[in-house]
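Peer 1: What follows is a single structure, and I will ask about it in a moment.
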Amino acid sequence: MTSLPAAALHAINADLHCHSTVSDGWLEPEALVLRALGNGVELLALTDHDEVGGIDAAARVAAAHGLRFVPGVEISVSFAGETVHIVGLGIDHRHPALSAGLAQVREGRDARAVRMSESLERVGIRDALAGARRFARNPALLSRAHFARHLVASGVMPDVRTVFDHYLVRGKPGFVDHQWATLEQAVGWIRAAGGIAVVAHPARYRLSAADLARLFDRFVAAGGEAVEVVSGAHTEDEMRRFATVARQRGLLASRASDFHGEKESAVDLGRCNPLPPDLEPVWSRLL
Ligand code: AMP
Ligand code: MN
Ligand code: MN
Ligand code: MN
């Protein structure tokens, strides 16, 4: 808890969600921190998918440059037939319950990648698994983003977004169903590790209004405390919509670029809009 006045708290350039090469970002943790510094970020969380392997390196570089750093993670969750992402902020990234949970979530990724590759093979795309692996610096964390990059590099599609639209989302030939963690597990692991659970980019889920309300009900019941109101994946309308959700449910608000790399991200590190001034920034609990 900080005793900073609200205006000073809001003025901090916080970016609490981004990715390194430990998951599907383009920059090594060290380079990511340096880019954040160059962009004027004052409080940074590294939140790789289902992995905390970049935290120590990022924290070291951040400390060397006087940048306040928050250890984080973005956990994949299955909810109502959709994949939902829960960010954990301020975690003890060595906590055994969290480590075991993340190891379990990662374990399924290889088998999923094999099935994705087989399914792409059936529509004439050969050797996608080997291709995707060439883009994954961390062999334990093969993401759909790595498949997308391979399909772009091999000339199948012009850009990553188009690959997703044609191949990697539900109903398309390269998509396979997968069981991730439950919402309660993800929030439970984050809390066990002393962290704050955050619903990541809530506007991006293809959930009915009723299912989205149930997501927040269960999230809050499990001890979740925050929502990404400002996200690189949100339009301004979506930001306003989830500002209302934060107010109605008394949730802390997060601000996050979800930066993956220069070529793939709409918003660069530290370049998000400010939070609406009446919301309580989640970083009031992280300083
Ligand atoms: P995975 O966790 O392997 O299912 O991969 C999810 C990742 O794919 C996300 O974190 C994004 O980096 C990327 N992704 C998902 N949907 C899209 C999309 N429509 N366009 C570009 N990248 C996407
Ligand atoms: Mn990603
Ligand atoms: Mn995400
Ligand atoms: Mn993300």
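Identifiers for the structure tokens are assigned positionally: chains receive A, B, ... in sequence, residues are indexed from 1 per chain, and ligands are indexed from 1 in the order shown.
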For chain A versus ligand 3, which residues have an atom no more than 7 Å away, and what is each residue's nearest atom pair and distance in Å rounded to one decimal, using only C-alpha atoms and all ligand atoms, chain-then-number order, as a Markdown table?
Peer 2:
```
| residue | atom | partner | partner_atom_place_in_ligand_line | distance |
| --- | --- | --- | --- | --- |
| A:Glu74 | CA | ligand 3 | 1 (Mn) | 6.8 |
| A:His85 | CA | ligand 3 | 1 (Mn) | 5.2 |
| A:Ala200 | CA | ligand 3 | 1 (Mn) | 6.2 |
| A:His201 | CA | ligand 3 | 1 (Mn) | 6.7 |
```
Peer 1: Atoms to include: all heavy atoms. Write the selected residues as a compact mmCIF listing (two decimals), in the first residue's frame.
Peer 2:
```txt
# COMPACT_ATOMS: atom_id res chain seq x y z
N GLU A 74 1.09 -14.44 -16.89
CA GLU A 74 -0.25 -14.45 -17.52
C GLU A 74 -0.66 -15.91 -17.69
O GLU A 74 -0.05 -16.64 -18.48
CB GLU A 74 -0.22 -13.74 -18.88
CG GLU A 74 -1.60 -13.70 -19.55
CD GLU A 74 -1.62 -12.92 -20.87
OE1 GLU A 74 -0.55 -12.72 -21.48
OE2 GLU A 74 -2.73 -12.52 -21.29
N HIS A 85 -7.41 -15.18 -20.09
CA HIS A 85 -6.10 -14.97 -19.49
C HIS A 85 -6.21 -14.22 -18.16
O HIS A 85 -6.84 -13.17 -18.09
CB HIS A 85 -5.19 -14.21 -20.45
CG HIS A 85 -4.73 -15.06 -21.60
ND1 HIS A 85 -4.13 -14.55 -22.72
CD2 HIS A 85 -4.77 -16.41 -21.77
CE1 HIS A 85 -3.83 -15.54 -23.55
NE2 HIS A 85 -4.21 -16.68 -23.00
N ALA A 200 -7.19 -10.23 -17.65
CA ALA A 200 -6.50 -9.58 -18.76
C ALA A 200 -7.47 -9.28 -19.89
O ALA A 200 -8.44 -10.02 -20.11
CB ALA A 200 -5.38 -10.50 -19.27
N HIS A 201 -7.22 -8.18 -20.62
CA HIS A 201 -7.95 -7.78 -21.83
C HIS A 201 -9.38 -8.37 -21.95
O HIS A 201 -9.68 -9.12 -22.88
CB HIS A 201 -7.15 -8.11 -23.09
CG HIS A 201 -6.49 -9.47 -23.09
ND1 HIS A 201 -7.19 -10.64 -23.08
CD2 HIS A 201 -5.18 -9.82 -23.10
CE1 HIS A 201 -6.34 -11.66 -23.08
NE2 HIS A 201 -5.11 -11.19 -23.09
```
Peer 1: Tell me, as a count of residues only, which residues lie within 10 Å of Gly261 (chain A), counting only C-alpha atoms; anything in the same chain fewer than 4 positions away does not count.
Peer 2: 14
Peer 1: Can you pull out every residue within 7 Å of region 221-233 of chain A, counting only C-alpha atoms, but drop anything in the same chain fewer than 2 positions away, and send it as a PyMOL selection string?
Peer 2: chain A and resi 184+187+196-201+217-219+235+239+242-243+246+251-258+266-267+272-273+275+282
Peer 1: Return as a tab-separated table the residues of chain A lying at most 7 Å from ligand 1, together with the closest atom-to-atom pair for each and the distance in Å to one decimal, counting only C-alpha atoms and all ligand atoms, with rows in chain order and ascending residue number.
Peer 2:
```
residue	atom	partner	partner_atom_place_in_ligand_line	distance
A:Asp24	CA	ligand 1	12 (O)	6.2
A:His49	CA	ligand 1	2 (O)	6.7
A:Ser76	CA	ligand 1	2 (O)	6.7
A:Leu142	CA	ligand 1	3 (O)	6.4
A:Ser143	CA	ligand 1	3 (O)	3.2
A:Arg144	CA	ligand 1	3 (O)	3.9
A:Ala145	CA	ligand 1	8 (O)	4.4
A:Val160	CA	ligand 1	21 (C)	5.6
A:Arg161	CA	ligand 1	20 (N)	4.1
A:Phe164	CA	ligand 1	19 (N)	5.1
A:Asp165	CA	ligand 1	19 (N)	6.3
A:His260	CA	ligand 1	12 (O)	6.8
```
Peer 1: Could those selected residues go to a file with all heavy atoms, as a CSV table (one decimal), in the first residue's frame?
Peer 2:
```
chain,number,residue,atom,x,y,z
A,24,ASP,N,6.0,-15.6,-25.8
A,24,ASP,CA,5.9,-15.3,-27.3
A,24,ASP,C,6.2,-13.8,-27.6
A,24,ASP,O,5.7,-13.3,-28.6
A,24,ASP,CB,4.5,-15.7,-27.8
A,24,ASP,CG,3.3,-15.1,-27.1
A,24,ASP,OD1,3.6,-14.2,-26.2
A,24,ASP,OD2,2.2,-15.4,-27.4
A,49,HIS,N,3.5,-15.8,-20.7
A,49,HIS,CA,2.4,-16.8,-20.6
A,49,HIS,C,2.9,-18.0,-19.9
A,49,HIS,O,3.9,-18.7,-20.3
A,49,HIS,CB,2.1,-17.3,-22.1
A,49,HIS,CG,1.5,-16.3,-22.9
A,49,HIS,ND1,0.2,-15.8,-22.8
A,49,HIS,CD2,2.0,-15.6,-24.0
A,49,HIS,CE1,-0.1,-14.9,-23.7
A,49,HIS,NE2,1.0,-14.8,-24.5
A,76,SER,N,-3.1,-19.1,-18.6
A,76,SER,CA,-4.1,-19.5,-19.5
A,76,SER,C,-5.2,-20.4,-18.8
A,76,SER,O,-4.8,-21.3,-18.1
A,76,SER,CB,-3.5,-20.4,-20.6
A,76,SER,OG,-2.4,-19.8,-21.2
A,142,LEU,N,5.6,-23.2,-26.5
A,142,LEU,CA,5.2,-23.1,-27.9
A,142,LEU,C,3.8,-22.5,-27.9
A,142,LEU,O,2.9,-23.1,-27.4
A,142,LEU,CB,5.3,-24.5,-28.5
A,142,LEU,CG,5.6,-24.6,-30.0
A,142,LEU,CD1,6.8,-23.7,-30.4
A,142,LEU,CD2,5.8,-26.0,-30.4
A,143,SER,N,3.7,-21.3,-28.6
A,143,SER,CA,2.4,-20.6,-28.6
A,143,SER,C,1.9,-20.5,-30.0
A,143,SER,O,2.6,-20.7,-31.0
A,143,SER,CB,2.7,-19.2,-28.1
A,143,SER,OG,1.8,-18.2,-28.6
A,144,ARG,N,0.6,-20.3,-30.1
A,144,ARG,CA,0.0,-20.1,-31.4
A,144,ARG,C,0.7,-19.0,-32.2
A,144,ARG,O,0.8,-19.0,-33.4
A,144,ARG,CB,-1.5,-19.8,-31.3
A,144,ARG,CG,-2.4,-21.0,-31.1
A,144,ARG,CD,-3.8,-20.6,-31.0
A,144,ARG,NE,-4.1,-19.7,-29.9
A,144,ARG,CZ,-5.2,-18.9,-29.8
A,144,ARG,NH1,-6.0,-18.9,-30.8
A,144,ARG,NH2,-5.4,-18.2,-28.7
A,145,ALA,N,1.3,-18.0,-31.4
A,145,ALA,CA,2.0,-16.9,-32.1
A,145,ALA,C,3.2,-17.4,-32.8
A,145,ALA,O,3.5,-16.9,-33.9
A,145,ALA,CB,2.4,-15.9,-31.0
A,160,VAL,N,0.6,-11.8,-39.2
A,160,VAL,CA,0.2,-12.6,-38.1
A,160,VAL,C,-1.3,-12.6,-37.8
A,160,VAL,O,-2.0,-13.6,-37.6
A,160,VAL,CB,1.0,-12.2,-36.8
A,160,VAL,CG1,0.3,-12.7,-35.5
A,160,VAL,CG2,2.4,-12.8,-36.9
A,161,ARG,N,-1.9,-11.4,-37.9
A,161,ARG,CA,-3.3,-11.2,-37.7
A,161,ARG,C,-4.1,-12.0,-38.7
A,161,ARG,O,-5.1,-12.7,-38.3
A,161,ARG,CB,-3.7,-9.7,-37.7
A,161,ARG,CG,-5.2,-9.4,-37.6
A,161,ARG,CD,-5.4,-8.1,-37.0
A,161,ARG,NE,-4.9,-8.0,-35.6
A,161,ARG,CZ,-5.5,-8.4,-34.5
A,161,ARG,NH1,-6.8,-8.9,-34.6
A,161,ARG,NH2,-5.0,-8.4,-33.3
A,164,PHE,N,-4.1,-15.7,-37.9
A,164,PHE,CA,-5.0,-16.0,-36.8
A,164,PHE,C,-6.4,-16.1,-37.4
A,164,PHE,O,-7.1,-17.1,-37.2
A,164,PHE,CB,-5.0,-15.0,-35.7
A,164,PHE,CG,-4.0,-15.4,-34.6
A,164,PHE,CD1,-2.6,-15.0,-34.7
A,164,PHE,CD2,-4.4,-16.2,-33.5
A,164,PHE,CE1,-1.7,-15.4,-33.7
A,164,PHE,CE2,-3.4,-16.6,-32.5
A,164,PHE,CZ,-2.1,-16.2,-32.7
A,165,ASP,N,-6.8,-15.2,-38.2
A,165,ASP,CA,-8.2,-15.1,-38.7
A,165,ASP,C,-8.5,-16.4,-39.6
A,165,ASP,O,-9.6,-16.9,-39.6
A,165,ASP,CB,-8.4,-13.9,-39.5
A,165,ASP,CG,-8.4,-12.6,-38.7
A,165,ASP,OD1,-8.5,-12.8,-37.4
A,165,ASP,OD2,-8.3,-11.5,-39.2
A,260,HIS,N,4.2,-7.3,-27.4
A,260,HIS,CA,4.9,-8.6,-27.8
A,260,HIS,C,6.1,-8.2,-28.7
A,260,HIS,O,7.1,-9.0,-28.7
A,260,HIS,CB,4.0,-9.5,-28.6
A,260,HIS,CG,3.0,-10.3,-27.8
A,260,HIS,ND1,1.9,-9.7,-27.2
A,260,HIS,CD2,2.9,-11.6,-27.5
A,260,HIS,CE1,1.2,-10.6,-26.5
A,260,HIS,NE2,1.8,-11.8,-26.7
```
Peer 1: Using only C-alpha atoms, which residue out of A:Asp110, A:Ile86, A:Arg126, A:Val105 lies closest to Phe216 (chain A)?
Peer 2: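 Nearest to Phe216 (chain A): A:Ile86.
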Peer 1: Between A:His178, A:His17, A:Arg149, A:His65, single out the one closest to Ala45 (chain A), counting only C-alpha atoms.
Peer 2: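 Ranked by minimum distance to Ala45 (chain A), first place goes to A:His17.
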Peer 1: Could you list, as a VMD selection string, every residue within 8 Å of Ala59 (chain A), counting only C-alpha atoms and ignoring same-chain residues fewer than 2 positions away?
Peer 2: chain A and resid 55 to 57 61 to 63 69 to 71
Peer 1: Restrict the selected residues to N, CA, C and O atoms and save them as a PDB file, in the first residue's frame.
Peer 2:
```
ATOM      1  N   ILE A  55      11.813 -13.572 -15.164  1.00  0.00           N
ATOM      2  CA  ILE A  55      11.668 -12.576 -14.089  1.00  0.00           C
ATOM      3  C   ILE A  55      13.019 -12.162 -13.500  1.00  0.00           C
ATOM      4  O   ILE A  55      13.279 -10.971 -13.306  1.00  0.00           O
ATOM      5  N   ASP A  56      13.866 -13.132 -13.198  1.00  0.00           N
ATOM      6  CA  ASP A  56      15.127 -12.780 -12.527  1.00  0.00           C
ATOM      7  C   ASP A  56      15.980 -11.863 -13.396  1.00  0.00           C
ATOM      8  O   ASP A  56      16.501 -10.852 -12.910  1.00  0.00           O
ATOM      9  N   ALA A  57      16.099 -12.201 -14.672  1.00  0.00           N
ATOM     10  CA  ALA A  57      16.918 -11.382 -15.567  1.00  0.00           C
ATOM     11  C   ALA A  57      16.317  -9.987 -15.711  1.00  0.00           C
ATOM     12  O   ALA A  57      17.037  -8.969 -15.661  1.00  0.00           O
ATOM     13  N   VAL A  61      18.096  -6.247 -14.480  1.00  0.00           N
ATOM     14  CA  VAL A  61      18.339  -5.080 -15.340  1.00  0.00           C
ATOM     15  C   VAL A  61      17.538  -3.880 -14.839  1.00  0.00           C
ATOM     16  O   VAL A  61      18.035  -2.747 -14.823  1.00  0.00           O
ATOM     17  N   ALA A  62      16.298  -4.135 -14.426  1.00  0.00           N
ATOM     18  CA  ALA A  62      15.466  -3.039 -13.916  1.00  0.00           C
ATOM     19  C   ALA A  62      16.139  -2.408 -12.703  1.00  0.00           C
ATOM     20  O   ALA A  62      16.234  -1.177 -12.609  1.00  0.00           O
ATOM     21  N   ALA A  63      16.628  -3.238 -11.784  1.00  0.00           N
ATOM     22  CA  ALA A  63      17.274  -2.715 -10.565  1.00  0.00           C
ATOM     23  C   ALA A  63      18.522  -1.908 -10.928  1.00  0.00           C
ATOM     24  O   ALA A  63      18.762  -0.835 -10.363  1.00  0.00           O
ATOM     25  N   PHE A  69      10.120  -2.645 -10.680  1.00  0.00           N
ATOM     26  CA  PHE A  69       9.753  -3.854 -11.425  1.00  0.00           C
ATOM     27  C   PHE A  69       8.824  -4.729 -10.591  1.00  0.00           C
ATOM     28  O   PHE A  69       9.026  -4.904  -9.392  1.00  0.00           O
ATOM     29  N   VAL A  70       7.818  -5.293 -11.278  1.00  0.00           N
ATOM     30  CA  VAL A  70       6.819  -6.143 -10.629  1.00  0.00           C
ATOM     31  C   VAL A  70       6.876  -7.536 -11.266  1.00  0.00           C
ATOM     32  O   VAL A  70       6.625  -7.670 -12.466  1.00  0.00           O
ATOM     33  N   PRO A  71       7.180  -8.569 -10.503  1.00  0.00           N
ATOM     34  CA  PRO A  71       7.173  -9.924 -11.070  1.00  0.00           C
ATOM     35  C   PRO A  71       5.731 -10.330 -11.404  1.00  0.00           C
ATOM     36  O   PRO A  71       4.832 -10.165 -10.583  1.00  0.00           O
TER      37      PRO A  71
END
```
Peer 1: Identify which of the residues A:Asp278, A:Glu107, A:Asp92, A:Asp159 lies closest to Phe147 (chain A), counting only C-alpha atoms when measuring atom-to-atom distances.
Peer 2: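 Closest to Phe147 (chain A) of all the choices is A:Asp159.
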Peer 1: Would you list the contacts of His95 (chain A) as a PyMOL selection string, taking every protein, DNA or RNA residue within 10 Å and counting only C-alpha atoms, but skipping same-chain residues closer than 6 positions in sequence?
Peer 2: chain A and resi 189-190+192-194
Peer 1: Rounded to one decimal, what separation in Å do you get between CA of Phe79 (chain A) and CA of Leu207 (chain A)?
Peer 2: 9.1 Å
Peer 1: Taking only C-alpha atoms and all ligand atoms into account, name the residue in A:His93, A:His146, A:Arg134, A:Arg241 that is nearest to ligand 2.
Peer 2: A:His146
Peer 1: Where does DSSP see helix (DSSP H, G or I) in region 8-244 of chain A, if you list the residues as an MDAnalysis selection string?
Peer 2: chainID A and resid 8:11 29:38 55:64 96:121 128:135 144:153 160:168 183:192 202:204 209:221 236:244
Peer 1: Compile the contact shell of Gly270 (chain A) as a PyMOL selection string: residues with an atom at most 8 Å away, counting only C-alpha atoms, same-chain residues fewer than 6 positions apart removed.
Peer 2: chain A and resi 13-15+36+39-41+256-257
Peer 1: Those residues with C-alpha atoms, as a CSV table (one decimal), in the first residue's frame please?
Peer 2:
```csv
chain,number,residue,atom,x,y,z
A,13,ASN,CA,3.7,5.5,-16.1
A,14,ALA,CA,2.8,1.9,-15.2
A,15,ASP,CA,2.8,-0.9,-17.8
A,36,ALA,CA,10.5,0.2,-21.4
A,39,ASN,CA,9.8,4.7,-23.5
A,40,GLY,CA,9.5,6.4,-20.0
A,41,VAL,CA,7.9,3.4,-18.1
A,256,ALA,CA,-1.2,-2.7,-19.8
A,257,SER,CA,0.2,-2.6,-23.3
```
Peer 1: If you count only C-alpha atoms, which residues fall within 12 Å of Arg170 (chain A), apart from same-chain ones fewer than 4 positions away, as a VMD selection string?
Peer 2: chain A and resid 81 to 83 116 164 to 166 174 to 178 205 to 206
Peer 1: CA of Val22 (chain A) to CA of Leu46 (chain A): how many Å, to one decimal?
Peer 2: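 Result for CA of Val22 (chain A) versus CA of Leu46 (chain A): 10.1 Å, one decimal.
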Peer 1: Apply DSSP to the backbone of this structure and, from region 42-249 of chain A, keep only the residues in strand (DSSP E or B); write these as a PyMOL selection string.
Peer 2: chain A and resi 43-46+49+68-79+82-89+181+196-199+226-231
Peer 1: What does the distance from CA of Leu287 (chain A) to CA of His234 (chain A) come to in Å, to one decimal?
Peer 2: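 Those two atoms sit 25.4 Å apart.
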